[in-house]
file target32.cif (mmCIF, C-alpha atoms and all ligand atoms)
data_target
loop_
_atom_site.label_atom_id
_atom_site.label_comp_id
_atom_site.auth_asym_id
_atom_site.auth_seq_id
_atom_site.Cartn_x
_atom_site.Cartn_y
_atom_site.Cartn_z
CA MET W 169 -0.24 37.49 -0.94
CA LYS W 170 3.34 37.38 -2.08
CA LEU W 171 5.27 34.23 -2.96
CA VAL W 172 8.67 34.01 -1.27
CA ILE W 173 11.58 31.55 -1.14
CA ASP W 174 13.38 31.39 2.19
CA GLU W 175 17.03 31.65 1.14
CA ASN W 176 18.16 30.23 4.43
CA ARG W 177 16.32 26.95 3.78
CA CYS W 178 16.50 26.52 -0.01
CA LYS W 179 19.16 24.08 -1.22
CA GLY W 180 18.68 24.83 -4.92
CA CYS W 181 17.31 21.47 -6.06
CA ASN W 182 15.12 23.14 -8.73
CA LEU W 183 12.15 20.82 -8.13
CA CYS W 184 9.94 23.91 -7.91
CA THR W 185 10.94 24.87 -11.47
CA GLN W 186 9.51 21.55 -12.60
CA VAL W 187 6.17 21.43 -10.80
CA CYS W 188 4.62 24.91 -11.06
CA PRO W 189 1.94 24.95 -13.78
CA TYR W 190 2.78 28.62 -14.51
CA ARG W 191 6.55 28.06 -14.56
CA ILE W 192 6.93 30.86 -12.05
CA PHE W 193 10.19 29.40 -10.73
CA ARG W 194 13.20 29.65 -13.03
CA PRO W 195 16.62 28.16 -12.30
CA GLY W 196 18.70 30.85 -10.63
CA ARG W 197 21.96 32.17 -11.99
CA ARG W 198 24.08 33.36 -9.08
CA PRO W 199 25.00 31.55 -5.87
CA ASN W 200 23.85 33.28 -2.70
CA ARG W 201 25.78 33.84 0.52
CA LYS W 202 25.60 30.10 1.30
CA GLY W 203 26.68 29.04 -2.19
CA VAL W 204 23.16 27.90 -3.11
CA ILE W 205 21.73 28.87 -6.48
CA VAL W 206 18.22 29.80 -5.43
CA PRO W 207 15.58 29.87 -8.21
CA GLU W 208 14.28 33.20 -9.47
CA LEU W 209 10.61 34.11 -9.52
CA ASP W 210 9.13 35.08 -12.88
CA ARG W 211 6.10 37.36 -12.32
CA PRO W 212 5.00 35.60 -9.12
CA GLU W 213 1.78 37.62 -9.04
CA ARG W 214 0.45 35.07 -11.58
CA CYS W 215 0.46 32.36 -8.89
CA THR W 216 -3.03 30.98 -8.21
CA ASN W 217 -2.42 31.09 -4.50
CA CYS W 218 -1.13 34.68 -4.53
CA ARG W 219 -4.27 35.79 -6.35
CA LEU W 220 -7.01 33.74 -4.74
CA GLN W 221 -5.97 32.68 -1.26
CA GLY W 222 -7.62 35.74 0.29
CA LEU W 223 -10.84 35.27 -1.65
CA TYR W 224 -11.24 31.57 -0.87
CA GLY W 225 -9.75 31.67 2.61
CA ARG W 226 -7.62 28.58 2.00
CA THR W 227 -4.52 27.49 0.11
CA LEU W 228 -5.06 27.00 -3.61
CA CYS W 229 -2.65 24.89 -5.66
CA GLY W 230 0.30 24.99 -3.26
CA ILE W 231 2.03 22.20 -5.17
CA CYS W 232 5.38 23.99 -5.04
CA GLN W 233 5.16 24.32 -1.25
CA LEU W 234 4.20 20.68 -0.75
CA THR W 235 6.96 19.54 -3.12
CA CYS W 236 9.81 21.73 -1.82
CA PRO W 237 11.92 19.23 0.16
CA ASP W 238 13.39 22.07 2.21
CA GLN W 239 10.22 23.80 3.40
CA ALA W 240 11.52 26.97 1.72
CA ILE W 241 8.40 28.15 -0.13
CA GLY W 242 5.69 30.24 1.49
CA TRP W 243 3.53 33.30 1.20
CA VAL W 244 3.62 36.57 3.05
CA ARG W 245 0.94 39.25 3.23
CA GLU W 246 1.77 42.19 1.06
CA ARG W 247 -0.13 45.25 -0.15
CA PRO W 248 1.29 45.98 -3.63
CA TYR W 249 -0.11 42.84 -5.23
CA GLU W 250 -3.65 43.48 -4.13
CA PRO W 251 -4.74 45.88 -6.93
CA LEU W 252 -3.44 43.35 -9.45
CA THR W 253 -5.65 40.69 -7.88
CA MET W 254 -8.69 42.51 -9.23
CA GLU W 255 -7.25 42.88 -12.73
CA VAL W 256 -6.08 39.35 -13.29
CA GLU W 257 -9.28 37.83 -12.05
CA TYR W 258 -11.77 38.61 -14.85
CA MET O 189 -1.63 25.57 4.43
CA SER O 190 -0.35 25.42 7.93
CA PHE O 191 1.79 22.31 8.04
CA ASP O 192 4.47 24.83 8.94
CA ASP O 193 2.88 24.94 12.39
CA TRP O 194 3.85 21.30 12.91
CA LEU O 195 7.55 21.88 12.16
CA ARG O 196 10.32 22.48 14.64
CA THR O 197 11.48 25.50 12.70
CA ASP O 198 14.49 25.97 14.97
CA ARG O 199 15.82 22.67 13.54
CA LEU O 200 15.61 23.84 9.92
CA PRO O 201 17.24 23.66 7.45
CA HIS O 202 17.31 19.90 7.95
CA ILE O 203 20.28 17.64 7.21
CA TRP O 204 18.83 15.89 4.14
CA CYS O 205 20.67 16.39 0.85
CA SER O 206 19.45 18.84 -1.75
CA GLY O 207 16.48 17.31 -3.57
CA CYS O 208 16.05 14.37 -1.16
CA SER O 209 12.41 13.24 -1.27
CA ASN O 210 12.27 12.75 2.49
CA GLY O 211 11.51 16.46 2.94
CA THR O 212 8.65 16.29 0.44
CA ILE O 213 7.14 13.24 2.15
CA LEU O 214 7.44 14.98 5.52
CA ASN O 215 5.44 17.91 4.05
CA CYS O 216 2.74 15.58 2.69
CA THR O 217 2.41 13.79 6.03
CA LEU O 218 2.13 17.00 8.00
CA ALA O 219 -0.37 18.41 5.50
CA ALA O 220 -2.41 15.22 6.02
CA VAL O 221 -2.46 15.32 9.83
CA ASP O 222 -3.22 19.03 9.63
CA ALA O 223 -6.10 18.53 7.19
CA GLU O 224 -7.53 15.79 9.42
CA GLY O 225 -7.47 18.25 12.30
CA TRP O 226 -5.36 16.05 14.54
CA ASP O 227 -4.31 17.46 17.88
CA PRO O 228 -0.50 17.80 18.03
CA ASP O 229 -0.65 16.98 21.74
CA ARG O 230 -2.31 13.61 21.01
CA THR O 231 -0.13 12.68 18.03
CA VAL O 232 3.12 10.69 18.18
CA PHE O 233 5.61 10.13 15.36
CA VAL O 234 7.83 7.05 15.59
CA SER O 235 10.79 6.05 13.41
CA GLY O 236 13.73 3.63 13.27
CA ILE O 237 17.16 4.48 11.87
CA GLY O 238 18.10 5.86 8.47
CA CYS O 239 17.90 9.19 6.67
CA SER O 240 14.13 8.75 6.39
CA SER O 241 13.88 7.99 10.09
CA ARG O 242 15.16 11.44 10.98
CA ALA O 243 11.79 12.90 10.02
CA PRO O 244 10.18 12.91 13.51
CA GLY O 245 13.06 15.07 14.79
CA TYR O 246 11.72 17.94 12.70
CA ILE O 247 8.18 17.71 14.03
CA ALA O 248 6.96 19.69 17.02
CA THR O 249 4.98 16.82 18.60
CA ASP O 250 6.23 14.06 20.87
CA SER O 251 8.26 11.52 18.92
CA LEU O 252 10.42 8.43 19.23
CA HIS O 253 13.56 7.95 17.13
CA THR O 254 14.20 4.31 17.99
CA THR O 255 16.64 1.56 16.94
CA HIS O 256 17.17 0.25 13.42
CA GLY O 257 14.20 -1.81 12.22
CA ARG O 258 12.23 -1.51 15.45
CA ALA O 259 9.99 1.48 14.74
CA LEU O 260 6.91 -0.73 14.42
CA ALA O 261 7.69 -2.58 17.66
CA PHE O 262 7.96 0.71 19.59
CA ALA O 263 4.88 2.12 17.84
CA THR O 264 2.92 -1.02 18.77
CA GLY O 265 3.89 -0.41 22.39
CA VAL O 266 2.81 3.23 22.27
CA LYS O 267 -0.51 2.41 20.63
CA LEU O 268 -1.39 -0.47 22.95
CA ALA O 269 -0.42 1.53 26.04
CA ASP O 270 -2.73 4.37 25.02
CA PRO O 271 -5.04 3.61 22.06
CA SER O 272 -6.39 7.16 22.18
CA LEU O 273 -3.09 8.46 20.76
CA ASN O 274 -2.67 8.96 17.02
CA VAL O 275 0.50 7.15 15.96
CA VAL O 276 2.33 7.66 12.67
CA VAL O 277 5.46 5.70 11.73
CA PHE O 278 8.18 6.91 9.36
CA THR O 279 10.47 4.20 8.06
CA GLY O 280 12.90 3.47 5.24
CA ASP O 281 13.06 0.48 2.93
CA GLY O 282 16.06 -0.93 4.79
CA ASP O 283 14.55 -0.18 8.17
CA LEU O 284 11.20 -1.73 7.28
CA ALA O 285 11.99 -4.58 4.92
CA ALA O 286 15.50 -5.72 5.83
CA ILE O 287 16.31 -5.58 9.54
CA GLY O 288 12.67 -4.83 10.43
CA GLY O 289 11.03 -7.28 8.03
CA ASN O 290 9.46 -9.45 10.68
CA HIS O 291 8.05 -6.51 12.60
CA PHE O 292 6.50 -5.33 9.35
CA ILE O 293 4.61 -8.53 8.53
CA HIS O 294 3.49 -9.07 12.10
CA ALA O 295 2.30 -5.50 12.55
CA CYS O 296 0.23 -6.00 9.37
CA ARG O 297 -1.02 -9.36 10.64
CA ARG O 298 -2.06 -7.85 13.97
CA ASN O 299 -3.52 -4.95 12.03
CA ILE O 300 -2.51 -2.44 14.69
CA ASP O 301 -4.10 0.96 14.29
CA LEU O 302 -1.02 2.76 12.92
CA THR O 303 -0.29 4.77 9.81
CA VAL O 304 3.02 3.63 8.35
CA VAL O 305 4.75 5.84 5.79
CA CYS O 306 7.66 4.12 4.08
CA MET O 307 10.09 6.41 2.26
CA ASN O 308 11.29 3.81 -0.22
CA ASN O 309 14.40 5.16 -1.93
CA LEU O 310 15.47 1.65 -3.05
CA ILE O 311 18.77 1.95 -1.16
CA TYR O 312 20.42 2.28 2.25
CA GLY O 313 20.83 6.03 2.01
CA MET O 314 22.36 6.86 5.35
CA THR O 315 25.21 4.35 5.28
CA GLY O 316 26.41 5.17 1.78
CA GLY O 317 24.22 3.48 -0.79
CA GLN O 318 24.29 -0.27 -0.11
CA GLY O 319 21.60 -2.36 -1.79
CA SER O 320 18.38 -2.92 0.15
CA PRO O 321 15.62 -5.56 -0.24
CA THR O 322 13.84 -3.16 -2.60
CA THR O 323 16.80 -2.37 -4.88
CA PRO O 324 15.51 -3.27 -8.36
CA LEU O 325 17.08 -6.04 -10.41
CA GLY O 326 19.99 -4.57 -12.35
CA ALA O 327 20.26 -1.35 -10.30
CA LEU O 328 23.72 -0.19 -9.25
CA SER O 329 24.60 0.27 -5.59
CA THR O 330 27.85 0.09 -3.62
CA THR O 331 27.11 -3.58 -2.87
CA SER O 332 25.98 -4.37 -6.42
CA PRO O 333 28.53 -2.56 -8.61
CA TYR O 334 27.60 -4.75 -11.61
CA GLY O 335 23.87 -4.43 -11.06
CA SER O 336 21.69 -6.09 -8.45
CA SER O 337 21.19 -9.77 -9.20
CA GLU O 338 18.37 -10.35 -6.70
CA PRO O 339 14.65 -9.85 -7.16
CA ALA O 340 13.21 -6.99 -5.07
CA PHE O 341 10.49 -7.09 -2.45
CA ASP O 342 7.08 -5.73 -3.42
CA LEU O 343 6.24 -4.02 -0.12
CA VAL O 344 2.64 -3.38 -1.13
CA ALA O 345 1.97 -7.03 -1.97
CA LEU O 346 3.60 -8.01 1.31
CA ALA O 347 1.36 -5.69 3.34
CA VAL O 348 -1.77 -6.82 1.50
CA ALA O 349 -0.94 -10.51 2.02
CA ALA O 350 -0.10 -9.98 5.69
CA GLY O 351 -3.47 -8.38 6.41
CA ALA O 352 -3.15 -4.57 6.58
CA ASN O 353 -6.47 -2.74 6.30
CA HIS O 354 -5.30 -0.01 3.92
CA VAL O 355 -2.41 -0.21 1.46
CA ALA O 356 -1.34 2.36 -1.13
CA ARG O 357 1.68 3.30 -3.22
CA TRP O 358 2.61 6.65 -4.74
CA THR O 359 5.81 8.50 -5.54
CA ALA O 360 7.28 11.73 -4.18
CA TYR O 361 6.24 13.39 -7.45
CA HIS O 362 2.55 12.79 -6.59
CA VAL O 363 2.37 15.11 -3.61
CA ARG O 364 -1.42 15.57 -3.43
CA GLU O 365 -2.05 11.86 -3.90
CA VAL O 366 0.43 11.04 -1.15
CA GLN O 367 -1.29 13.50 1.17
CA LYS O 368 -4.72 12.03 0.37
CA ALA O 369 -3.50 8.44 0.79
CA ILE O 370 -2.09 9.33 4.21
CA GLN O 371 -5.36 11.02 5.14
CA THR O 372 -7.23 7.86 4.19
CA GLY O 373 -4.74 5.95 6.31
CA LEU O 374 -5.28 8.20 9.30
CA ARG O 375 -9.03 7.60 9.06
CA THR O 376 -8.83 3.83 8.55
CA PRO O 377 -8.89 1.72 11.74
CA GLY O 378 -6.14 -0.90 11.63
CA LEU O 379 -2.77 -0.74 9.94
CA SER O 380 -2.42 1.59 7.01
CA PHE O 381 0.68 1.21 4.85
CA ILE O 382 1.67 3.90 2.39
CA GLU O 383 4.75 3.23 0.31
CA VAL O 384 6.15 6.41 -1.20
CA ARG O 385 8.83 5.96 -3.83
CA ALA O 386 11.49 8.44 -2.87
CA GLY O 387 14.45 9.93 -4.66
CA CYS O 388 17.89 9.69 -3.09
CA PRO O 389 19.93 11.76 -5.53
CA THR O 390 23.13 11.27 -3.54
CA ASN O 391 23.30 7.50 -3.28
CA TYR O 392 20.81 6.12 -5.80
CA GLY O 393 20.31 8.72 -8.53
CA ARG O 394 24.01 9.37 -9.00
CA LYS O 395 24.71 5.71 -9.75
CA ASN O 396 21.62 4.98 -11.80
CA ARG O 397 21.61 7.66 -14.50
CA LEU O 398 19.26 9.90 -12.55
CA ARG O 399 21.95 12.33 -11.49
CA GLU O 400 19.85 15.49 -11.42
CA VAL O 401 17.13 15.78 -8.81
CA THR O 402 14.68 16.67 -11.54
CA ASP O 403 15.61 13.49 -13.49
CA MET O 404 14.26 11.36 -10.66
CA ALA O 405 11.04 13.37 -10.49
CA GLU O 406 10.65 12.99 -14.26
CA HIS O 407 11.31 9.25 -13.89
CA PHE O 408 8.52 9.02 -11.31
CA ARG O 409 6.15 11.02 -13.52
CA THR O 410 6.75 8.98 -16.66
CA ARG O 411 7.08 5.47 -15.18
CA SER O 412 4.08 5.55 -12.87
CA MET O 413 0.90 3.79 -13.94
CA VAL O 414 -2.32 3.91 -11.96
CA LYS O 415 -3.51 0.54 -10.72
CA ALA O 416 -6.74 0.58 -12.77
CA LYS O 417 -4.81 0.96 -16.01
CA PHE O 418 -2.25 -1.65 -14.96
CA ASP O 419 -5.02 -4.14 -14.17
CA ARG O 420 -6.68 -3.46 -17.52
CA LEU O 421 -3.45 -4.02 -19.45
CA VAL O 422 -2.84 -7.26 -17.55
CA ALA O 423 -6.39 -8.45 -18.29
CA GLU O 424 -5.94 -7.66 -21.97
CA GLY O 425 -2.60 -9.46 -21.99
CA ARG O 426 -0.85 -6.29 -23.19
CA PRO O 427 2.85 -5.70 -22.49
CA ILE O 428 3.87 -3.59 -19.49
CA PRO O 429 7.31 -1.93 -19.34
CA PRO O 430 9.44 -3.68 -16.71
CA ASP O 431 10.28 -0.49 -14.77
CA THR O 432 6.63 0.51 -14.33
CA ILE O 433 5.71 1.78 -10.86
CA VAL O 434 2.12 0.77 -10.16
CA VAL O 435 0.51 3.49 -8.05
CA GLY O 436 -2.82 3.92 -6.34
CA GLU O 437 -4.80 2.29 -3.57
CA PHE O 438 -4.40 -1.49 -3.42
CA VAL O 439 -6.63 -2.38 -0.53
CA ARG O 440 -9.12 -0.78 1.82
CA ARG O 441 -10.95 -3.19 4.05
CA ALA O 442 -12.23 -3.70 7.57
CA LEU O 443 -10.51 -6.78 8.96
CA PRO O 444 -10.45 -6.97 12.78
CA ALA O 445 -7.88 -4.50 14.11
CA MET O 446 -5.89 -4.00 17.33
CA GLY O 447 -5.31 -0.87 19.36
CA VAL O 448 -8.26 1.05 17.91
CA ALA O 449 -9.40 3.91 20.15
CA PRO O 450 -12.60 2.87 21.97
C1 LIG W 501 21.37 -2.65 14.37
C2 LIG W 501 21.92 -1.75 13.32
N1 LIG W 501 22.43 -2.29 12.19
C3 LIG W 501 22.93 -1.51 11.21
C4 LIG W 501 22.92 -0.14 11.35
C5 LIG W 501 23.51 0.72 10.28
N2 LIG W 501 22.50 1.41 9.49
C6 LIG W 501 22.15 2.67 9.76
S1 LIG W 501 21.01 3.27 8.68
C7 LIG W 501 20.99 1.80 7.83
C8 LIG W 501 20.17 1.61 6.59
C9 LIG W 501 19.08 2.57 6.42
O1 LIG W 501 18.42 2.33 5.23
P1 LIG W 501 16.91 2.77 5.06
O2 LIG W 501 16.09 2.24 6.16
O3 LIG W 501 16.49 2.43 3.67
O4 LIG W 501 16.95 4.35 5.26
P2 LIG W 501 17.43 5.52 4.30
O5 LIG W 501 18.70 6.05 4.88
O6 LIG W 501 17.60 4.97 2.92
O7 LIG W 501 16.33 6.53 4.36
C10 LIG W 501 21.88 0.88 8.39
C11 LIG W 501 22.11 -0.48 7.86
C12 LIG W 501 22.38 0.40 12.55
N3 LIG W 501 22.32 1.73 12.73
N4 LIG W 501 21.89 -0.41 13.49
S1 LIG W 502 12.09 23.20 -4.41
FE1 LIG W 502 12.61 24.36 -2.55
S2 LIG W 502 14.73 23.83 -2.09
FE2 LIG W 502 14.33 23.20 -4.20
S3 LIG W 502 15.03 24.96 -5.42
FE3 LIG W 502 12.83 25.24 -5.08
S4 LIG W 502 12.70 26.51 -3.23
FE4 LIG W 502 14.79 25.71 -3.31
S1 LIG W 503 1.11 27.64 -5.62
FE1 LIG W 503 0.95 26.65 -7.63
S2 LIG W 503 0.79 28.34 -9.08
FE2 LIG W 503 1.56 29.19 -7.19
S3 LIG W 503 3.79 29.17 -7.43
FE3 LIG W 503 3.20 27.28 -6.38
S4 LIG W 503 2.97 25.76 -7.98
FE4 LIG W 503 2.95 27.79 -8.97
S1 LIG W 504 21.75 10.14 1.35
FE1 LIG W 504 19.90 9.95 0.10
S2 LIG W 504 18.23 9.47 1.53
FE2 LIG W 504 19.97 10.29 2.72
S3 LIG W 504 19.56 12.50 2.89
FE3 LIG W 504 20.89 12.21 1.11
S4 LIG W 504 19.47 12.03 -0.61
FE4 LIG W 504 18.27 11.69 1.25
MG MG W 505 16.33 3.59 2.03
#

call {"tool": "encode", "arguments": {"input": "target32.cif", "output": "structure tokens"}}
result
Amino acid sequence: MKLVIDENRCKGCNLCTQVCPYRIFRPGRRPNRKGVIVPELDRPERCTNCRLQGLYGRTLCGICQLTCPDQAIGWVRERPYEPLTMEVEY
Amino acid sequence: MSFDDWLRTDRLPHIWCSGCSNGTILNCTLAAVDAEGWDPDRTVFVSGIGCSSRAPGYIATDSLHTTHGRALAFATGVKLADPSLNVVVFTGDGDLAAIGGNHFIHACRRNIDLTVVCMNNLIYGMTGGQGSPTTPLGALSTTSPYGSSEPAFDLVALAVAAGANHVARWTAYHVREVQKAIQTGLRTPGLSFIEVRAGCPTNYGRKNRLREVTDMAEHFRTRSMVKAKFDRLVAEGRPIPPDTIVVGEFVRRALPAMGVAP
């Protein structure tokens, strides 16, 4: 699974940068098309949910998604992260 | 998590300000109804007027956005007309404790089978930051430019005294705890009251040295004290900082209730 921020919904409050235990969200630097400074993702493949959601069949952690006041955080299925899943999980 | 399935995605992004806790509390509530496996077709969300009361408009179930202070009166009607419906009320501190204060205590007294989520941002957010009955002593608002000189309502104590079957308080920083408290509320017959301390960066934070959204979250994290610890400190006669937010479950009981599904 791949962590994504929906740029259309995010309002740049930076709450996600505060709550993730891995500090995956970092305050962004440039405003987007709407003038919102959307956070950047720092090695999102470290996210517990990206790694283990498939294995457990349910959401793990998910604190950023529950906290995001603008419903902007979610996960999409994606191939490239899957080999990494095996490596990180020892 | 699939609380996304409960959202009216065509209505997003919502109108709430950047960093407003109302969005977070909406997430927690939807995660709770989803985890409890409630049927969207048998679930109704009711609210009054205020920023907080806009929440049902973003949910894909049937909902009622009613008049200021009257959410509980409308919700009582819905629940008594069809007790098999699941009814959740969103309300603000002004909506619930000022104009709707009497509905609040009488809904608790009747112990109607509702789950009431109060987004308590300590201010009238929608109308520009006037003081509410929960504005803390000394806090700045547009109607208390030199600091509020009135004591604030303790909504939890009010609900406990008036007879609600389940009463809890958390903050918007404690997302999992809020979700769990709401789940407990959904399962408890009778009135369940969950006060969630909410950040209003635009009208409260800006005036009260919590300008950044993250400042308010940090304030919630550092000032909260779980009820067990608070009770212990009180018993030991130890000092408690005046701005402490006591969080946790305050009551869970089985007093006779109204409108419970047969
Ligand atoms: C009968 C009536 N009186 C006054 C108002 C104006 N009014 C609209 S919202 C509001 C206060 C809302 O405060 P609160 O319930 O705390 O909601 P918040 O916006 O803070 O979430 C008031 C006084 C109204 N809409 N209707
Ligand atoms: S919490 Fe949500 S709205 Fe706020 S910056 Fe992060 S993604 Fe954007
Ligand atoms: S789910 Fe948890 S670990 Fe993953 S990005 Fe969100 S807060 Fe971080
Ligand atoms: S004014 Fe306050 S309560 Fe209303 S949307 Fe903005 S931050 Fe939220
Ligand atoms: Mg308010």

call {"tool": "atom_distance", "arguments": {"input": "target32.cif", "atom1": "atom CA of O:Cys205", "atom2": "atom CA of O:Asp431"}}
result
25.2 Å

call {"tool": "residues_near_ligand", "arguments": {"input": "target32.cif", "ligand": "ligand LIG 504 (chain W)", "cutoff": "9 Å", "atoms": "only C-alpha atoms and all ligand atoms", "output": "MDAnalysis selection string"}}
result
chainID O and resid 203:211 238:240 280 307 309 311:317 386:393

call {"tool": "write_last_selection", "arguments": {"input": "target32.cif", "atoms": "C-alpha atoms", "output": "JSON list (two decimals), in the frame of the given file"}}
result
[["chain", "number", "residue", "atom", "x", "y", "z"],
["O", 203, "ILE", "CA", 20.28, 17.64, 7.21],
["O", 204, "TRP", "CA", 18.83, 15.89, 4.14],
["O", 205, "CYS", "CA", 20.67, 16.39, 0.85],
["O", 206, "SER", "CA", 19.45, 18.84, -1.75],
["O", 207, "GLY", "CA", 16.48, 17.31, -3.57],
["O", 208, "CYS", "CA", 16.05, 14.37, -1.16],
["O", 209, "SER", "CA", 12.41, 13.24, -1.27],
["O", 210, "ASN", "CA", 12.27, 12.75, 2.49],
["O", 211, "GLY", "CA", 11.51, 16.46, 2.94],
["O", 238, "GLY", "CA", 18.10, 5.86, 8.47],
["O", 239, "CYS", "CA", 17.90, 9.19, 6.67],
["O", 240, "SER", "CA", 14.13, 8.75, 6.39],
["O", 280, "GLY", "CA", 12.90, 3.47, 5.24],
["O", 307, "MET", "CA", 10.09, 6.41, 2.26],
["O", 309, "ASN", "CA", 14.40, 5.16, -1.93],
["O", 311, "ILE", "CA", 18.77, 1.95, -1.16],
["O", 312, "TYR", "CA", 20.42, 2.28, 2.25],
["O", 313, "GLY", "CA", 20.83, 6.03, 2.01],
["O", 314, "MET", "CA", 22.36, 6.86, 5.35],
["O", 315, "THR", "CA", 25.21, 4.35, 5.28],
["O", 316, "GLY", "CA", 26.41, 5.17, 1.78],
["O", 317, "GLY", "CA", 24.22, 3.48, -0.79],
["O", 386, "ALA", "CA", 11.49, 8.44, -2.87],
["O", 387, "GLY", "CA", 14.45, 9.93, -4.66],
["O", 388, "CYS", "CA", 17.89, 9.69, -3.09],
["O", 389, "PRO", "CA", 19.93, 11.76, -5.53],
["O", 390, "THR", "CA", 23.13, 11.27, -3.54],
["O", 391, "ASN", "CA", 23.30, 7.50, -3.28],
["O", 392, "TYR", "CA", 20.81, 6.12, -5.80],
["O", 393, "GLY", "CA", 20.31, 8.72, -8.53]]

call {"tool": "interface_residues", "arguments": {"input": "target32.cif", "of": "chain W", "to": "chain O", "cutoff": "12 Å", "atoms": "all atoms listed in the file", "output": "ChimeraX atom specification"}}
result
/W:174-187,195,204-206,217,221,225-243

call {"tool": "closest_residue", "arguments": {"input": "target32.cif", "among": "W:Lys170, W:Leu209, W:Arg194, W:Thr216", "to": "ligand LIG 503 (chain W)", "atoms": "only C-alpha atoms and all ligand atoms"}}
result
W:Thr216

call {"tool": "atom_distance", "arguments": {"input": "target32.cif", "atom1": "atom CA of O:Ala220", "atom2": "atom CA of O:Val305"}}
result
11.8 Å

call {"tool": "atom_distance", "arguments": {"input": "target32.cif", "atom1": "atom CA of O:Arg357", "atom2": "atom CA of O:Gly436"}}
result
5.5 Å

call {"tool": "closest_residue", "arguments": {"input": "target32.cif", "among": "O:Ser235, O:Asn299, O:Thr330, O:Asn308", "to": "ligand LIG 501 (chain W)", "atoms": "all atoms listed in the file"}}
result
O:Asn308

call {"tool": "closest_residue", "arguments": {"input": "target32.cif", "among": "O:Thr359, O:Thr279, O:Ser380, O:Asn396", "to": "ligand MG 505 (chain W)", "atoms": "all atoms listed in the file"}}
result
O:Thr279

call {"tool": "decode", "arguments": {"input": "target32.cif", "residues": "stretch 220-224 of chain W", "atoms": "all heavy atoms", "output": "PDB file, in the first residue's frame"}}
result
ATOM      1  N   LEU W 220       1.907  -3.334   6.662  1.00  0.00           N
ATOM      2  CA  LEU W 220       1.229  -4.489   7.260  1.00  0.00           C
ATOM      3  C   LEU W 220      -0.268  -4.598   6.996  1.00  0.00           C
ATOM      4  O   LEU W 220      -0.885  -5.579   7.400  1.00  0.00           O
ATOM      5  CB  LEU W 220       1.480  -4.479   8.779  1.00  0.00           C
ATOM      6  CG  LEU W 220       2.961  -4.531   9.180  1.00  0.00           C
ATOM      7  CD1 LEU W 220       3.105  -4.362  10.675  1.00  0.00           C
ATOM      8  CD2 LEU W 220       3.600  -5.836   8.739  1.00  0.00           C
ATOM      9  N   GLN W 221      -0.833  -3.609   6.332  1.00  0.00           N
ATOM     10  CA  GLN W 221      -2.283  -3.657   6.119  1.00  0.00           C
ATOM     11  C   GLN W 221      -2.681  -4.921   5.369  1.00  0.00           C
ATOM     12  O   GLN W 221      -3.642  -5.589   5.745  1.00  0.00           O
ATOM     13  CB  GLN W 221      -2.724  -2.421   5.334  1.00  0.00           C
ATOM     14  CG  GLN W 221      -4.228  -2.256   5.292  1.00  0.00           C
ATOM     15  CD  GLN W 221      -4.630  -0.980   4.545  1.00  0.00           C
ATOM     16  OE1 GLN W 221      -4.070  -0.681   3.485  1.00  0.00           O
ATOM     17  NE2 GLN W 221      -5.543  -0.234   5.106  1.00  0.00           N
ATOM     18  N   GLY W 222      -1.916  -5.268   4.324  1.00  0.00           N
ATOM     19  CA  GLY W 222      -2.233  -6.445   3.534  1.00  0.00           C
ATOM     20  C   GLY W 222      -2.173  -7.712   4.365  1.00  0.00           C
ATOM     21  O   GLY W 222      -3.063  -8.562   4.318  1.00  0.00           O
ATOM     22  N   LEU W 223      -1.119  -7.811   5.181  1.00  0.00           N
ATOM     23  CA  LEU W 223      -0.897  -9.007   5.989  1.00  0.00           C
ATOM     24  C   LEU W 223      -2.002  -9.216   7.029  1.00  0.00           C
ATOM     25  O   LEU W 223      -2.502 -10.314   7.226  1.00  0.00           O
ATOM     26  CB  LEU W 223       0.462  -8.869   6.691  1.00  0.00           C
ATOM     27  CG  LEU W 223       1.013 -10.110   7.379  1.00  0.00           C
ATOM     28  CD1 LEU W 223       1.323 -11.178   6.339  1.00  0.00           C
ATOM     29  CD2 LEU W 223       2.278  -9.745   8.148  1.00  0.00           C
ATOM     30  N   TYR W 224      -2.401  -8.125   7.687  1.00  0.00           N
ATOM     31  CA  TYR W 224      -3.388  -8.238   8.763  1.00  0.00           C
ATOM     32  C   TYR W 224      -4.828  -8.086   8.273  1.00  0.00           C
ATOM     33  O   TYR W 224      -5.762  -8.385   9.007  1.00  0.00           O
ATOM     34  CB  TYR W 224      -3.118  -7.190   9.843  1.00  0.00           C
ATOM     35  CG  TYR W 224      -1.941  -7.525  10.729  1.00  0.00           C
ATOM     36  CD1 TYR W 224      -0.636  -7.330  10.286  1.00  0.00           C
ATOM     37  CD2 TYR W 224      -2.131  -8.032  12.003  1.00  0.00           C
ATOM     38  CE1 TYR W 224       0.440  -7.632  11.093  1.00  0.00           C
ATOM     39  CE2 TYR W 224      -1.053  -8.329  12.823  1.00  0.00           C
ATOM     40  CZ  TYR W 224       0.226  -8.129  12.361  1.00  0.00           C
ATOM     41  OH  TYR W 224       1.299  -8.417  13.173  1.00  0.00           O
TER      42      TYR W 224
END
